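Here's structure_33.cif, which has mmCIF, C-alpha atoms and all ligand atoms:
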```cif
data_structure
#
loop_
_atom_site.label_atom_id
_atom_site.label_comp_id
_atom_site.auth_asym_id
_atom_site.auth_seq_id
_atom_site.Cartn_x
_atom_site.Cartn_y
_atom_site.Cartn_z
CA MET F 11 91.38 112.15 113.03
CA SER F 12 94.45 110.75 111.32
CA SER F 13 96.71 112.79 109.03
CA TYR F 14 95.33 113.65 105.61
CA LEU F 15 96.34 115.25 102.32
CA ARG F 16 95.46 118.95 102.22
CA ALA F 17 96.89 120.13 98.91
CA LEU F 18 98.89 118.86 95.98
CA ARG F 19 100.79 120.75 93.30
CA LEU F 20 101.99 118.89 90.22
CA ILE F 21 104.59 120.44 87.94
CA ASN F 22 105.44 118.72 84.63
CA PHE F 23 103.91 115.55 85.99
CA ARG F 24 102.29 113.44 83.19
CA ASN F 25 99.76 115.71 81.44
CA TYR F 26 99.87 118.39 84.18
CA ALA F 27 102.02 121.45 83.40
CA ASP F 28 101.30 123.14 86.71
CA ALA F 29 98.15 122.26 88.61
CA THR F 30 97.05 122.60 92.20
CA VAL F 31 94.30 120.63 93.89
CA LEU F 32 92.87 121.15 97.36
CA LEU F 33 91.48 118.15 99.23
CA SER F 34 89.25 117.61 102.26
CA PRO F 35 89.11 114.91 104.90
CA GLY F 36 86.44 112.30 104.12
CA LEU F 37 85.41 111.68 100.53
CA ASN F 38 86.95 113.51 97.56
CA VAL F 39 85.68 112.70 94.08
CA VAL F 40 87.78 113.47 91.00
CA VAL F 41 85.51 113.63 87.97
CA GLY F 42 86.36 114.00 84.30
CA ASP F 43 85.96 112.46 80.86
CA ASN F 44 88.37 109.86 79.58
CA ALA F 45 92.03 110.80 79.10
CA GLN F 46 91.76 114.12 80.98
CA GLY F 47 94.14 113.21 83.84
CA LYS F 48 92.16 111.50 86.61
CA THR F 49 94.48 108.52 86.89
CA ASN F 50 97.50 110.81 86.60
CA LEU F 51 96.21 112.92 89.49
CA LEU F 52 95.85 109.91 91.77
CA GLU F 53 99.26 108.70 90.69
CA GLY F 54 100.62 112.17 91.52
CA LEU F 55 99.15 112.04 95.03
CA SER F 56 100.74 108.67 95.60
CA PHE F 57 104.04 109.85 94.11
CA ALA F 58 104.13 112.81 96.49
CA ALA F 59 103.18 110.66 99.48
CA THR F 60 105.63 107.80 98.84
CA GLY F 61 108.30 109.08 96.46
CA SER F 62 107.44 106.46 93.82
CA SER F 63 104.81 105.86 91.21
CA PRO F 64 102.45 103.02 92.05
CA ARG F 65 101.93 102.42 88.31
CA THR F 66 105.41 102.16 86.89
CA PRO F 67 108.92 101.37 88.10
CA ASN F 68 110.15 103.45 85.16
CA ASP F 69 110.37 107.01 86.53
CA PRO F 70 111.07 108.84 83.23
CA GLU F 71 107.47 108.00 82.19
CA ILE F 72 106.04 110.42 84.71
CA VAL F 73 107.86 113.47 83.32
CA ARG F 74 105.62 115.55 81.07
CA TRP F 75 106.61 114.95 77.46
CA GLY F 76 109.20 117.43 76.26
CA GLN F 77 110.10 118.58 79.79
CA GLU F 78 113.27 117.96 81.77
CA PHE F 79 111.98 117.34 85.25
CA ALA F 80 108.83 116.59 87.23
CA ARG F 81 107.90 117.81 90.67
CA ALA F 82 105.14 116.98 93.15
CA GLU F 83 104.59 119.10 96.27
CA MET F 84 102.15 118.22 98.97
CA ARG F 85 100.83 119.68 102.21
CA VAL F 86 99.81 117.16 104.83
CA THR F 87 97.61 118.09 107.78
CA LEU F 88 99.01 116.10 110.68
CA GLU F 89 97.04 114.15 113.25
CA GLY F 90 96.30 116.40 116.19
CA ASP F 91 97.76 119.60 114.92
CA GLY F 92 100.22 121.15 112.49
CA GLU F 93 101.21 120.66 108.89
CA ARG F 94 104.03 119.11 106.95
CA SER F 95 105.26 120.13 103.49
CA VAL F 96 106.77 117.35 101.45
CA ALA F 97 108.11 117.31 97.90
CA VAL F 98 109.56 114.94 95.32
CA GLY F 99 111.67 116.28 92.49
CA TYR F 100 112.79 114.07 89.67
CA ALA F 101 114.93 114.62 86.59
CA PRO F 102 115.88 111.60 84.46
CA GLY F 103 119.45 110.55 85.08
CA GLN F 104 119.57 112.21 88.48
CA LYS F 105 118.85 111.01 91.96
CA LYS F 106 115.33 111.79 93.16
CA ARG F 107 115.15 114.70 95.57
CA LEU F 108 112.87 114.08 98.54
CA THR F 109 112.26 116.78 101.12
CA VAL F 110 110.25 117.01 104.32
CA ASP F 111 109.70 120.59 105.52
CA GLY F 112 112.57 121.67 103.32
CA ALA F 113 115.13 119.18 104.68
CA SER F 114 116.36 116.19 102.66
CA ALA F 115 114.71 112.93 103.60
CA GLU F 116 117.03 110.33 105.07
CA SER F 117 116.13 107.79 102.36
CA LEU F 118 113.36 106.83 99.97
CA ALA F 119 112.42 103.98 102.31
CA ALA F 120 112.08 106.34 105.28
CA TYR F 121 110.17 108.92 103.23
CA ALA F 122 107.66 106.26 102.10
CA ALA F 123 107.31 104.55 105.48
CA GLY F 124 105.84 107.40 107.49
CA GLY F 125 108.33 110.17 106.69
CA THR F 126 105.65 112.25 104.98
CA GLY F 127 103.36 111.94 108.01
CA VAL F 128 100.82 109.95 106.04
CA ARG F 129 100.52 106.54 104.41
CA VAL F 130 98.43 105.66 101.38
CA VAL F 131 96.69 102.55 100.06
CA ASN F 132 96.18 102.63 96.28
CA PHE F 133 93.77 100.91 94.01
CA PHE F 134 94.29 101.08 90.26
CA PRO F 135 92.24 98.95 87.84
CA ASP F 136 95.44 97.17 86.84
CA ASP F 137 95.76 95.88 90.42
CA LEU F 138 93.38 93.09 89.44
CA ARG F 139 96.58 91.28 88.48
CA VAL F 140 97.37 90.78 92.19
CA ILE F 141 94.57 88.22 92.32
CA LYS F 142 94.52 87.22 88.66
CA ASP F 143 98.12 86.90 87.55
CA ALA F 144 101.48 85.57 88.64
CA PRO F 145 102.99 85.03 92.11
CA ALA F 146 105.36 87.97 91.48
CA ASP F 147 102.37 90.33 91.51
CA ARG F 148 101.23 89.01 94.88
CA ARG F 149 104.73 89.22 96.36
CA GLU F 150 104.96 92.80 95.12
CA PHE F 151 101.69 93.61 96.87
CA LEU F 152 102.88 92.12 100.17
CA ASP F 153 106.33 93.68 99.96
CA GLY F 154 104.82 97.06 99.09
CA LEU F 155 102.48 96.95 102.06
CA LEU F 156 105.18 95.88 104.51
CA SER F 157 107.62 98.43 103.12
CA THR F 158 105.20 101.30 103.84
CA LEU F 159 105.04 100.08 107.41
CA ARG F 160 108.77 99.72 108.09
CA PRO F 161 111.79 101.14 106.27
CA SER F 162 113.83 98.21 107.64
CA TYR F 163 111.60 95.77 105.74
CA ALA F 164 111.89 97.86 102.56
CA ARG F 165 115.68 97.75 102.79
CA ALA F 166 115.81 94.02 103.54
CA ALA F 167 113.50 93.20 100.61
CA ALA F 168 115.53 95.33 98.18
CA ASP F 169 118.88 94.00 99.43
CA TYR F 170 117.58 90.43 99.31
CA ALA F 171 116.65 90.80 95.64
CA LYS F 172 120.14 92.09 94.87
CA ALA F 173 121.80 89.31 96.87
CA VAL F 174 119.81 86.63 95.02
CA ALA F 175 120.77 88.17 91.67
CA GLN F 176 124.44 88.13 92.69
CA ARG F 177 124.20 84.58 93.98
CA ASN F 178 122.63 83.52 90.66
CA GLN F 179 125.51 85.09 88.77
CA LEU F 180 127.97 83.20 90.92
CA LEU F 181 126.04 79.92 90.45
CA ARG F 182 126.48 80.31 86.70
CA ARG F 183 130.18 81.08 87.07
CA ILE F 184 130.60 77.92 89.17
CA ARG F 185 128.65 75.88 86.62
CA ASP F 186 130.83 77.23 83.81
CA GLY F 187 134.02 76.57 85.74
CA PHE F 188 135.05 80.18 86.42
CA SER F 189 134.57 80.01 90.20
CA SER F 190 134.86 77.36 92.89
CA GLU F 191 131.93 76.21 94.99
CA LYS F 192 133.69 77.46 98.13
CA THR F 193 132.99 81.08 97.16
CA LEU F 194 129.27 80.42 97.50
CA SER F 195 129.08 80.29 101.29
CA THR F 196 129.41 84.07 101.80
CA TRP F 197 126.46 84.62 99.46
CA ASP F 198 124.48 81.81 101.05
CA ALA F 199 124.86 83.48 104.44
CA LYS F 200 123.85 86.87 103.11
CA VAL F 201 120.86 85.51 101.23
CA ILE F 202 119.69 83.60 104.31
CA GLU F 203 120.08 86.59 106.61
CA LEU F 204 118.11 88.98 104.40
CA GLY F 205 115.66 86.33 103.22
CA THR F 206 114.80 85.41 106.82
CA THR F 207 113.88 89.03 107.56
CA VAL F 208 111.58 88.99 104.53
CA LEU F 209 110.06 85.61 105.40
CA GLU F 210 109.42 86.60 109.01
CA GLY F 211 107.89 89.93 108.03
CA ARG F 212 105.51 88.25 105.61
CA ALA F 213 104.68 85.42 107.99
CA ARG F 214 103.68 87.90 110.69
CA ALA F 215 101.42 89.80 108.33
CA VAL F 216 99.63 87.08 106.41
CA GLU F 217 97.44 85.75 109.19
CA PRO F 218 95.93 89.06 110.37
CA LEU F 219 95.74 90.22 106.75
CA GLY F 220 93.85 87.03 105.87
CA GLU F 221 91.28 87.68 108.60
CA LEU F 222 90.81 91.27 107.47
CA PHE F 223 90.53 90.08 103.87
CA GLY F 224 87.88 87.57 104.93
CA SER F 225 85.70 90.14 106.64
CA SER F 226 86.09 92.67 103.80
CA LEU F 227 85.14 90.09 101.20
CA ARG F 228 82.14 89.03 103.28
CA ALA F 229 80.93 92.63 103.33
CA LEU F 230 81.47 93.03 99.59
CA TYR F 231 80.53 89.61 98.29
CA GLY F 232 78.60 87.37 100.63
CA PRO F 233 78.72 85.13 103.67
CA GLN F 234 81.28 82.66 102.26
CA LYS F 235 84.44 82.01 104.18
CA ALA F 236 87.44 83.73 102.65
CA GLY F 237 91.08 83.91 103.60
CA LEU F 238 94.70 83.98 102.50
CA GLU F 239 97.14 81.11 102.56
CA TYR F 240 100.87 81.70 102.29
CA SER F 241 102.93 79.00 100.61
CA SER F 242 106.67 79.03 100.90
CA SER F 243 109.63 77.10 99.58
CA ALA F 244 111.18 77.29 103.06
CA THR F 245 110.36 78.43 106.59
CA PRO F 246 112.80 80.47 108.70
CA GLU F 247 113.59 77.18 110.50
CA ASP F 248 114.45 74.96 107.52
CA TYR F 249 115.64 77.70 105.15
CA GLU F 250 119.37 77.00 105.44
CA GLU F 251 118.93 73.24 105.14
CA LYS F 252 116.72 73.55 102.05
CA LEU F 253 119.08 76.02 100.38
CA MET F 254 121.97 73.59 100.92
CA GLU F 255 119.96 70.64 99.65
CA ALA F 256 119.16 72.51 96.45
CA ARG F 257 122.73 73.66 95.87
CA GLY F 258 123.69 71.11 93.20
CA ALA F 259 120.53 71.62 91.21
CA ASP F 260 120.81 75.40 91.62
CA ILE F 261 124.33 75.36 90.16
CA GLU F 262 123.13 73.33 87.22
CA ARG F 263 120.25 75.70 86.52
CA GLY F 264 122.14 78.84 87.45
CA THR F 265 119.33 80.11 89.66
CA THR F 266 118.30 80.09 93.32
CA SER F 267 115.26 77.84 93.79
CA VAL F 268 114.63 78.31 97.51
CA GLY F 269 113.64 81.48 99.37
CA PRO F 270 110.95 84.16 99.66
CA HIS F 271 111.43 85.24 96.03
CA ARG F 272 109.71 81.98 95.10
CA ASP F 273 106.81 82.23 97.52
CA ASP F 274 103.17 82.98 96.87
CA PHE F 275 99.89 83.38 98.65
CA ALA F 276 96.48 82.13 97.61
CA ALA F 277 93.24 84.06 98.01
CA LEU F 278 90.60 81.49 98.88
CA LEU F 279 86.82 81.69 98.76
CA ASP F 280 85.19 78.69 100.47
CA GLY F 281 88.48 76.90 99.98
CA VAL F 282 88.59 77.59 96.23
CA ASN F 283 91.59 79.41 94.79
CA LEU F 284 90.36 82.64 93.21
CA THR F 285 93.39 82.99 90.93
CA THR F 286 92.62 79.72 89.20
CA TYR F 287 88.85 79.46 89.50
CA GLY F 288 87.46 82.91 90.34
CA SER F 289 85.16 84.68 87.90
CA GLN F 290 86.23 88.13 86.75
CA GLY F 291 83.68 89.64 89.14
CA GLN F 292 84.92 87.59 92.10
CA GLN F 293 88.51 88.50 91.29
CA ARG F 294 87.60 92.17 91.15
CA LEU F 295 85.86 92.09 94.54
CA ALA F 296 88.72 90.07 96.00
CA THR F 297 91.20 92.70 94.81
CA LEU F 298 89.14 95.38 96.50
CA ALA F 299 88.87 93.28 99.66
CA LEU F 300 92.64 92.90 99.68
CA LYS F 301 93.07 96.67 99.49
CA PHE F 302 90.57 97.20 102.31
CA ALA F 303 92.45 94.60 104.32
CA ALA F 304 95.69 96.50 103.64
CA ARG F 305 94.06 99.67 104.91
CA ASP F 306 92.87 97.97 108.10
CA TYR F 307 96.26 96.36 108.60
CA VAL F 308 98.05 99.71 108.32
CA ARG F 309 95.65 101.11 110.90
CA ARG F 310 96.27 98.17 113.20
CA GLU F 311 100.05 98.44 112.89
CA THR F 312 100.43 102.23 113.05
CA GLY F 313 97.32 103.40 114.91
CA ALA F 314 96.56 105.81 112.04
CA ASP F 315 94.28 105.49 109.03
CA PRO F 316 96.01 105.55 105.67
CA VAL F 317 94.59 107.68 102.87
CA MET F 318 92.78 105.67 100.21
CA LEU F 319 93.49 106.55 96.58
CA PHE F 320 91.07 104.56 94.42
CA ASP F 321 91.08 105.00 90.67
CA ASP F 322 87.92 104.33 88.66
CA VAL F 323 86.64 101.88 91.23
CA MET F 324 82.90 102.37 90.69
CA SER F 325 82.48 101.66 86.99
CA GLU F 326 82.56 97.86 87.13
CA LEU F 327 80.37 97.46 90.19
CA ASP F 328 76.63 97.05 90.54
CA GLU F 329 74.52 99.68 92.27
CA ARG F 330 74.35 97.99 95.66
CA ARG F 331 78.13 97.70 95.88
CA ARG F 332 78.64 101.24 94.63
CA GLU F 333 76.46 102.48 97.50
CA LEU F 334 78.32 100.30 99.96
CA LEU F 335 81.66 101.65 98.78
CA ALA F 336 80.53 105.27 98.71
CA GLU F 337 79.37 105.04 102.33
CA TYR F 338 82.59 103.34 103.28
CA PHE F 339 84.72 106.08 101.68
CA LEU F 340 82.58 108.81 103.19
CA ARG F 341 83.13 107.41 106.66
CA SER F 342 86.86 106.98 106.13
CA ASN F 343 89.54 109.36 107.32
CA GLN F 344 90.23 110.39 103.74
CA ALA F 345 89.56 108.85 100.34
CA VAL F 346 90.23 110.26 96.89
CA ILE F 347 88.41 108.40 94.17
CA SER F 348 88.05 109.07 90.47
CA THR F 349 85.10 108.57 88.16
CA THR F 350 83.82 109.53 84.74
CA ASN F 351 80.25 109.58 86.01
CA LEU F 352 78.87 111.47 89.01
CA ASP F 353 75.58 109.57 88.64
CA TYR F 354 77.30 106.71 90.42
CA PHE F 355 76.85 108.76 93.60
CA GLY F 356 73.55 109.74 95.15
CA ALA F 357 72.97 113.50 95.42
CA GLY F 358 72.84 113.42 99.22
CA LEU F 359 76.21 111.76 99.15
CA LEU F 360 77.89 114.30 96.91
CA ASP F 361 76.74 117.07 99.27
CA ARG F 362 79.03 115.55 101.86
CA ALA F 363 82.00 115.14 99.51
CA ARG F 364 84.48 117.47 97.83
CA VAL F 365 84.18 117.21 94.07
CA VAL F 366 86.96 118.36 91.74
CA ARG F 367 86.80 118.37 87.97
CA VAL F 368 89.72 117.54 85.66
CA VAL F 369 89.82 118.78 82.06
CA GLU F 370 92.96 118.34 79.95
CA GLY F 371 95.34 118.49 82.86
CA ALA F 372 93.63 121.43 84.58
CA VAL F 373 91.84 121.06 87.91
CA SER F 374 88.86 123.10 89.08
CA ALA F 375 86.30 122.92 91.88
CA ALA F 376 83.13 121.31 90.53
N1 LIG T 401 104.47 111.73 80.57
C1 LIG T 401 103.36 112.25 80.01
N2 LIG T 401 103.38 113.49 79.47
C2 LIG T 401 102.28 114.03 78.91
N3 LIG T 401 101.10 113.39 78.83
C3 LIG T 401 101.02 112.15 79.35
C4 LIG T 401 102.14 111.53 79.96
N4 LIG T 401 101.76 110.29 80.39
C5 LIG T 401 100.47 110.15 80.05
N5 LIG T 401 100.01 111.27 79.43
C6 LIG T 401 98.65 111.55 78.90
O1 LIG T 401 97.78 111.85 79.96
C7 LIG T 401 96.46 111.74 79.48
C8 LIG T 401 95.48 111.50 80.62
O2 LIG T 401 95.73 110.27 81.22
P1 LIG T 401 94.90 109.65 82.44
O3 LIG T 401 95.21 110.32 83.70
O4 LIG T 401 95.20 108.20 82.36
O5 LIG T 401 93.39 109.95 82.01
P2 LIG T 401 92.03 109.51 82.72
O6 LIG T 401 91.34 110.79 83.07
O7 LIG T 401 91.27 108.74 81.69
O8 LIG T 401 92.37 108.69 83.92
C9 LIG T 401 96.52 110.67 78.39
O9 LIG T 401 96.01 111.22 77.19
C10 LIG T 401 98.01 110.36 78.22
O10 LIG T 401 98.40 110.26 76.89
MG MG T 402 92.02 106.64 84.15
#
```
What does this structure look like when you write it as structure tokens?
Amino acid sequence: MSSYLRALRLINFRNYADATVLLSPGLNVVVGDNAQGKTNLLEGLSFAATGSSPRTPNDPEIVRWGQEFARAEMRVTLEGDGERSVAVGYAPGQKKRLTVDGASAESLAAYAAGGTGVRVVNFFPDDLRVIKDAPADRREFLDGLLSTLRPSYARAAADYAKAVAQRNQLLRRIRDGFSSEKTLSTWDAKVIELGTTVLEGRARAVEPLGELFGSSLRALYGPQKAGLEYSSSATPEDYEEKLMEARGADIERGTTSVGPHRDDFAALLDGVNLTTYGSQGQQRLATLALKFAARDYVRRETGADPVMLFDDVMSELDERRRELLAEYFLRSNQAVISTTNLDYFGAGLLDRARVVRVVEGAVSAA
């Protein structure tokens, strides 16, 4: 069995003052009425496992209103044997404190990419935007997945974004006559170096991920052929040439038009782009299929199953798919899913799951 989450303690996290939850391998169901803290609990698990919220880039939001800091502590049961204690402490205005067995983590990237002994794949209802909305949402999905696998990718992606922003600033200075075009070449080289790492990382992942997406969507939706298609403004081979070609126009516009920050991927069902033409139901199932593909890809790359944290995933599905999903989660290494309604699960199924109840930021065994 792969590593799994054994216990979580949340202090001043969202609507939790101080709550502890114990988890089991296999299926865990978090049940509660609306606005009691189900989503917050899943966010807290992810926060403890990765050091960041999967819902917001704005950390102060997670601190309980009126409090000065938030803390998430987690015990991870490691594959084979042993345990690891990890914790994330956050106070607005200060650097996040990440610890593994009491010692400071080397970096956020290292903590998130295996440092805690466990990786997670999240699903929040808002993730529908990965299929439905803009290319930036799809790039964020890919970069997030690859960053959990390798801290070196996480660093390259973050540094690339900064380098592009700096290059854009310089482009505008050149356009406005405050800098000469000669100064651009250092930034071009930096952008190309980091951007190539990002491009190559994505290129390696998209094909296997597309196959896994195809088989997941077949299981969830039907026998149609589904896949992913990456589209890029440049390949690692012609990147430099294209960036140079676009230089004049880039200076005029004051922005960098070539590179992985402009790329996208399409989710296709029988050749039809689901972003443009998919029904809401198809887009929802495709989002789920993408998350299942991410889970399989993590397993393929690391040899270990990630933990699945799926928020309110049952409510929009029909009965057949709810059953399919419940069985899938039950068979998985570990899944924590939230629901308002236990009737979504057959009784025989709940006997094999751990059920916890959430009421106004307090957790109890159900
Ligand atoms: N930083 C915060 N401090 C205190 N309460 C918060 C904070 N952020 C969100 N909440 C509250 O947490 C409550 C529960 O939210 P949520 O976990 O989304 O409920 P649900 O059980 O429906 O998933 C909401 O009423 C929300 O107002
Ligand atoms: Mg919720």
**Message:** Using all atoms listed in the file, which protein or nucleic acid residues come within 12 Å of range 305-315 of chain F? Drop anything in the same chain fewer than 3 positions from it, and give the result as a PyMOL selection string.
**Reply:** chain F and resi 11-14+35-36+88-90+123-124+127-133+152+154-160+214-226+298-302+318-320+339+341-345
**Request:** Go through F:Ser348, F:Ser289, F:Ala303, F:Pro145 one by one, measure the shortest atom-to-atom distance of each to Val368 in chain F using only C-alpha atoms, and give the residue with the smallest value.
**Result:** F:Ser348
**Prompt:** Neighbours of ligand LIG 401 (chain T) within 6 Å, counting all atoms listed in the file, as number ranges by chain?
**Reply:** F: 24-25, 44-50, 71-75
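You can rank F:Tyr354, F:Asp198, F:Gly205, F:Gln293 by their closest distance to Leu138 in chain F using only C-alpha atoms, and at the top of that list sits F:Gln293.
In this comparison, which uses all atoms listed in the file, the residue of F:Glu83, F:Glu337, F:Asp328, F:Glu53 approaching ligand MG 402 (chain T) most closely is F:Glu53.
For the pair CA of Phe151 in chain F and CA of Ala276 in chain F, the separation is 12.6 Å.
Shortest atom-to-atom contact with Thr286 in chain F among F:Ala144, F:Leu209, F:Ala372, F:Ala97: F:Ala144, counting all atoms listed in the file.
In this structure, CA of Leu334 in chain F sits 27.4 Å away from CA of Asp147 in chain F.
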**Request:** Kindly give the distance, in Å, that separates CA of Ala357 in chain F and CA of Leu327 in chain F, rounded to a single decimal.
**Result:** 18.4 Å
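Distances from F:Arg81, F:Arg294, F:Arg257, F:Lys142 to Lys192 in chain F were compared using only C-alpha atoms, and the smallest one belongs to F:Arg257.
Considering the residues F:Thr266, F:Arg94, F:Ala29, F:Leu295 and counting only C-alpha atoms, Arg331 in chain F has its shortest atom-to-atom contact with F:Leu295.
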N, CA and C atoms for range 220-244 of chain F, written as a PDB file, keeping the file's coordinate frame, could you do that?
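The resulting file, out_4.pdb, is reproduced below:
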```pdb
ATOM      1  N   GLY F 220      94.846  87.996 106.356  1.00  0.00           N
ATOM      2  CA  GLY F 220      93.850  87.030 105.870  1.00  0.00           C
ATOM      3  C   GLY F 220      92.506  87.197 106.563  1.00  0.00           C
ATOM      4  N   GLU F 221      92.536  87.454 107.868  1.00  0.00           N
ATOM      5  CA  GLU F 221      91.280  87.680 108.600  1.00  0.00           C
ATOM      6  C   GLU F 221      90.589  88.947 108.117  1.00  0.00           C
ATOM      7  N   LEU F 222      91.383  90.002 107.937  1.00  0.00           N
ATOM      8  CA  LEU F 222      90.810  91.270 107.470  1.00  0.00           C
ATOM      9  C   LEU F 222      90.266  91.127 106.051  1.00  0.00           C
ATOM     10  N   PHE F 223      90.983  90.362 105.239  1.00  0.00           N
ATOM     11  CA  PHE F 223      90.530  90.080 103.870  1.00  0.00           C
ATOM     12  C   PHE F 223      89.197  89.337 103.914  1.00  0.00           C
ATOM     13  N   GLY F 224      89.117  88.352 104.796  1.00  0.00           N
ATOM     14  CA  GLY F 224      87.880  87.570 104.930  1.00  0.00           C
ATOM     15  C   GLY F 224      86.694  88.441 105.285  1.00  0.00           C
ATOM     16  N   SER F 225      86.868  89.337 106.259  1.00  0.00           N
ATOM     17  CA  SER F 225      85.700  90.140 106.640  1.00  0.00           C
ATOM     18  C   SER F 225      85.370  91.185 105.581  1.00  0.00           C
ATOM     19  N   SER F 226      86.384  91.715 104.887  1.00  0.00           N
ATOM     20  CA  SER F 226      86.090  92.670 103.800  1.00  0.00           C
ATOM     21  C   SER F 226      85.347  91.980 102.663  1.00  0.00           C
ATOM     22  N   LEU F 227      85.787  90.774 102.319  1.00  0.00           N
ATOM     23  CA  LEU F 227      85.140  90.090 101.200  1.00  0.00           C
ATOM     24  C   LEU F 227      83.710  89.672 101.570  1.00  0.00           C
ATOM     25  N   ARG F 228      83.507  89.328 102.832  1.00  0.00           N
ATOM     26  CA  ARG F 228      82.140  89.030 103.280  1.00  0.00           C
ATOM     27  C   ARG F 228      81.231  90.245 103.094  1.00  0.00           C
ATOM     28  N   ALA F 229      81.734  91.416 103.473  1.00  0.00           N
ATOM     29  CA  ALA F 229      80.930  92.630 103.330  1.00  0.00           C
ATOM     30  C   ALA F 229      80.636  92.930 101.863  1.00  0.00           C
ATOM     31  N   LEU F 230      81.628  92.682 100.997  1.00  0.00           N
ATOM     32  CA  LEU F 230      81.470  93.030  99.590  1.00  0.00           C
ATOM     33  C   LEU F 230      80.755  91.954  98.782  1.00  0.00           C
ATOM     34  N   TYR F 231      80.948  90.705  99.159  1.00  0.00           N
ATOM     35  CA  TYR F 231      80.530  89.610  98.290  1.00  0.00           C
ATOM     36  C   TYR F 231      79.409  88.770  98.868  1.00  0.00           C
ATOM     37  N   GLY F 232      79.606  88.248 100.060  1.00  0.00           N
ATOM     38  CA  GLY F 232      78.600  87.370 100.630  1.00  0.00           C
ATOM     39  C   GLY F 232      79.158  86.605 101.805  1.00  0.00           C
ATOM     40  N   PRO F 233      78.349  85.730 102.386  1.00  0.00           N
ATOM     41  CA  PRO F 233      78.720  85.130 103.670  1.00  0.00           C
ATOM     42  C   PRO F 233      79.779  84.012 103.572  1.00  0.00           C
ATOM     43  N   GLN F 234      80.291  83.728 102.380  1.00  0.00           N
ATOM     44  CA  GLN F 234      81.280  82.660 102.260  1.00  0.00           C
ATOM     45  C   GLN F 234      82.523  82.950 103.103  1.00  0.00           C
ATOM     46  N   LYS F 235      83.218  81.871 103.391  1.00  0.00           N
ATOM     47  CA  LYS F 235      84.440  82.010 104.180  1.00  0.00           C
ATOM     48  C   LYS F 235      85.606  82.299 103.246  1.00  0.00           C
ATOM     49  N   ALA F 236      86.318  83.376 103.525  1.00  0.00           N
ATOM     50  CA  ALA F 236      87.440  83.730 102.650  1.00  0.00           C
ATOM     51  C   ALA F 236      88.690  83.962 103.484  1.00  0.00           C
ATOM     52  N   GLY F 237      89.827  83.698 102.884  1.00  0.00           N
ATOM     53  CA  GLY F 237      91.080  83.910 103.600  1.00  0.00           C
ATOM     54  C   GLY F 237      92.272  83.874 102.668  1.00  0.00           C
ATOM     55  N   LEU F 238      93.451  84.035 103.259  1.00  0.00           N
ATOM     56  CA  LEU F 238      94.700  83.980 102.500  1.00  0.00           C
ATOM     57  C   LEU F 238      95.545  82.835 103.027  1.00  0.00           C
ATOM     58  N   GLU F 239      96.265  82.201 102.127  1.00  0.00           N
ATOM     59  CA  GLU F 239      97.140  81.110 102.560  1.00  0.00           C
ATOM     60  C   GLU F 239      98.517  81.306 101.928  1.00  0.00           C
ATOM     61  N   TYR F 240      99.502  81.476 102.776  1.00  0.00           N
ATOM     62  CA  TYR F 240     100.870  81.700 102.290  1.00  0.00           C
ATOM     63  C   TYR F 240     101.524  80.358 102.007  1.00  0.00           C
ATOM     64  N   SER F 241     102.185  80.229 100.874  1.00  0.00           N
ATOM     65  CA  SER F 241     102.930  79.000 100.610  1.00  0.00           C
ATOM     66  C   SER F 241     104.379  79.359 100.347  1.00  0.00           C
ATOM     67  N   SER F 242     105.274  78.635 101.012  1.00  0.00           N
ATOM     68  CA  SER F 242     106.670  79.030 100.900  1.00  0.00           C
ATOM     69  C   SER F 242     107.569  77.838 100.596  1.00  0.00           C
ATOM     70  N   SER F 243     108.665  78.133  99.920  1.00  0.00           N
ATOM     71  CA  SER F 243     109.630  77.100  99.580  1.00  0.00           C
ATOM     72  C   SER F 243     110.471  76.730 100.802  1.00  0.00           C
ATOM     73  N   ALA F 244     110.457  77.588 101.824  1.00  0.00           N
ATOM     74  CA  ALA F 244     111.180  77.290 103.060  1.00  0.00           C
ATOM     75  C   ALA F 244     110.614  78.132 104.197  1.00  0.00           C
TER      76      ALA F 244
END
```
